[in-house]
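Peer 1: A single structure is presented below for examination.
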Amino acid sequence: MLNIKGEHIYLRALEPADLDFLYKLENDTSVWEVSGTLKPYSKKVLQSYLDNAHRDIYDVKQLRLCIGDQNDPCIGLIDLFDFDPKNRRAGIGIVIAEPSYRNRGVGAEALSLLCDYAFSVLDMHQLYANILEDNLASIHLFKKLGFKEIGIKKEWIRTHKGFKNEIMFQKINTNES
């Protein structure tokens with residue numbers, strides 16, 4: 001099992017026991033706007049996803065990890081997606097599902113751990129993130145971790161309140177040899 005340890009949290013592979021957590025998170029309509037979800041997920045669909053979560057990132061082009069600490073094995077998720085080994089880049093996304101863990105450095109430590117893993121183990125040249133312009137906490141987090149704003153996609157995401165701009169951030173691996 002993949003397990004990446006930091007000072008206060010760790011990142012780990014998804015386990016069958018995470019079904020209830022995934023079910024709750026994936027069906028939380030408050031995160032659908034950023035996840036692109038349009039309909040609820042059944043436990044059967046999510047169980048099938050978990051059954052295949054062990055597949056290699058080079059095969060499925062995605063890596064989803066649970067963020068845990070000594071008190072809770074899954075307080076959020078962090079993903080690499082659109083993994084492109086030829087161009088050595090991937091998208092990155094994070095959600096801290098438990099509100100009591102927000103604004104406590106958990107997201108920063110998780111993002112730092114995954115960036116280090118992507119750059120040193122997966123040999124990525126760059127990571128990018130797409131963040132809605134009104135998601136100030138995420139914008140602050142990614143800037144804090146060295147991601148640079150590289151553009152704005154105008155009226156990119158349709159919501160029940162109209163269209164929103166999406167800001168694209170990028171981090172280049174400056175430690176490459």
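Going through the structure tokens in order, the chains are called A, B, and so on, while each chain numbers its residues from 1 and the ligands are numbered from 1 in the order shown.
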If we count only C-alpha atoms and set the cut-off at 10 Å, which residues sit around Met168 of chain A, ignoring sequence neighbours fewer than 5 positions away in its own chain? Please answer as a ChimeraX atom specification.

Peer 2: /A:128-133,139,147-153

Peer 1: Quick one: write out the picked residues with N, CA, C and O atoms as a compact mmCIF listing (two decimals), in the first residue's frame?

Peer 2:
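Output saved as selection.txt:
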# COMPACT_ATOMS: atom_id res chain seq x y z
N TYR A 128 -0.44 21.19 -12.52
CA TYR A 128 -1.34 22.33 -12.71
C TYR A 128 -2.63 22.10 -11.93
O TYR A 128 -2.98 20.98 -11.57
N ALA A 129 -3.30 23.21 -11.66
CA ALA A 129 -4.58 23.16 -10.94
C ALA A 129 -5.52 24.17 -11.57
O ALA A 129 -5.10 25.25 -12.00
N ASN A 130 -6.78 23.82 -11.65
CA ASN A 130 -7.84 24.70 -12.14
C ASN A 130 -8.74 25.03 -10.96
O ASN A 130 -9.35 24.14 -10.38
N ILE A 131 -8.84 26.33 -10.63
CA ILE A 131 -9.55 26.74 -9.42
C ILE A 131 -10.55 27.83 -9.77
O ILE A 131 -10.20 28.82 -10.43
N LEU A 132 -11.79 27.66 -9.29
CA LEU A 132 -12.79 28.70 -9.51
C LEU A 132 -12.35 30.00 -8.83
O LEU A 132 -11.80 29.98 -7.73
N GLU A 133 -12.63 31.11 -9.50
CA GLU A 133 -12.14 32.41 -9.03
C GLU A 133 -12.65 32.80 -7.63
O GLU A 133 -12.00 33.58 -6.93
N ILE A 139 -7.11 29.14 -3.82
CA ILE A 139 -6.16 30.04 -4.50
C ILE A 139 -5.00 30.36 -3.56
O ILE A 139 -3.82 30.27 -3.95
N PHE A 147 2.61 27.61 -6.68
CA PHE A 147 1.92 27.56 -7.97
C PHE A 147 1.72 28.99 -8.47
O PHE A 147 1.39 29.88 -7.69
N LYS A 148 1.94 29.21 -9.75
CA LYS A 148 1.81 30.53 -10.36
C LYS A 148 0.55 30.58 -11.22
O LYS A 148 0.24 29.63 -11.94
N GLU A 149 -0.15 31.70 -11.14
CA GLU A 149 -1.33 31.90 -11.99
C GLU A 149 -0.85 32.10 -13.42
O GLU A 149 0.01 32.96 -13.68
N ILE A 150 -1.39 31.31 -14.35
CA ILE A 150 -0.93 31.41 -15.75
C ILE A 150 -2.05 31.80 -16.71
O ILE A 150 -1.78 32.03 -17.88
N GLY A 151 -3.28 31.87 -16.22
CA GLY A 151 -4.34 32.28 -17.12
C GLY A 151 -5.71 32.15 -16.48
O GLY A 151 -5.88 31.53 -15.43
N ILE A 152 -6.68 32.77 -17.15
CA ILE A 152 -8.07 32.72 -16.70
C ILE A 152 -8.92 32.22 -17.85
O ILE A 152 -8.85 32.74 -18.97
N LYS A 153 -9.69 31.18 -17.56
CA LYS A 153 -10.66 30.67 -18.53
C LYS A 153 -11.99 31.37 -18.22
O LYS A 153 -12.61 31.10 -17.20

Peer 1: Using DSSP on the backbone coordinates, identify the residues of chain A assigned to strand (DSSP E); present them as JSON, numbers by chain.

Peer 2: {"A": [3, 4, 5, 10, 11, 12, 13, 63, 64, 65, 66, 67, 68, 76, 77, 78, 79, 80, 81, 82, 83, 84, 89, 90, 91, 92, 93, 94, 95, 96, 126, 127, 128, 129, 130, 131, 132, 148, 149, 150, 151, 152, 153, 154, 155, 156, 157, 158, 159, 162, 163, 164, 165, 166, 167, 168, 169, 170, 171, 172]}

Peer 1: I'd like to know which of A:Tyr23, A:Leu141, A:Arg89, A:Asp123 is closest to Arg104 of chain A, using only C-alpha atoms.

Peer 2: A:Leu141

Peer 1: So which residues touch Ser42 of chain A within 10 Å, counting only C-alpha atoms, skipping near sequence neighbours fewer than 3 positions away, as a compact mmCIF listing (two decimals) with N, CA, C and O atoms, in the first residue's frame?

Peer 2:
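Saved result, out_31.txt, follows:
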# COMPACT_ATOMS: atom_id res chain seq x y z
N TYR A 23 -18.73 7.62 -0.46
CA TYR A 23 -20.17 7.78 -0.72
C TYR A 23 -20.67 9.13 -0.20
O TYR A 23 -21.37 9.86 -0.89
N GLU A 26 -18.71 12.05 -2.38
CA GLU A 26 -19.12 12.13 -3.78
C GLU A 26 -20.58 12.56 -3.94
O GLU A 26 -20.97 13.05 -5.00
N ASN A 27 -21.37 12.38 -2.90
CA ASN A 27 -22.77 12.77 -2.96
C ASN A 27 -23.06 14.07 -2.21
O ASN A 27 -24.22 14.44 -2.02
N LYS A 39 -24.54 14.08 -10.99
CA LYS A 39 -25.56 13.21 -10.40
C LYS A 39 -24.95 12.41 -9.26
O LYS A 39 -23.73 12.27 -9.18
N VAL A 45 -21.42 1.66 -7.67
CA VAL A 45 -20.46 2.30 -8.59
C VAL A 45 -19.17 2.63 -7.85
O VAL A 45 -18.07 2.40 -8.36
N LEU A 46 -19.29 3.16 -6.65
CA LEU A 46 -18.10 3.51 -5.88
C LEU A 46 -17.32 2.27 -5.45
O LEU A 46 -16.08 2.29 -5.42
N GLN A 47 -18.02 1.18 -5.16
CA GLN A 47 -17.32 -0.07 -4.82
C GLN A 47 -16.52 -0.57 -6.02
O GLN A 47 -15.39 -1.02 -5.88

Peer 1: Quick check, in Å to one decimal: how far apart do atom CA of Asp72 of chain A and atom CA of Val106 of chain A lie?

Peer 2: 12.3 Å
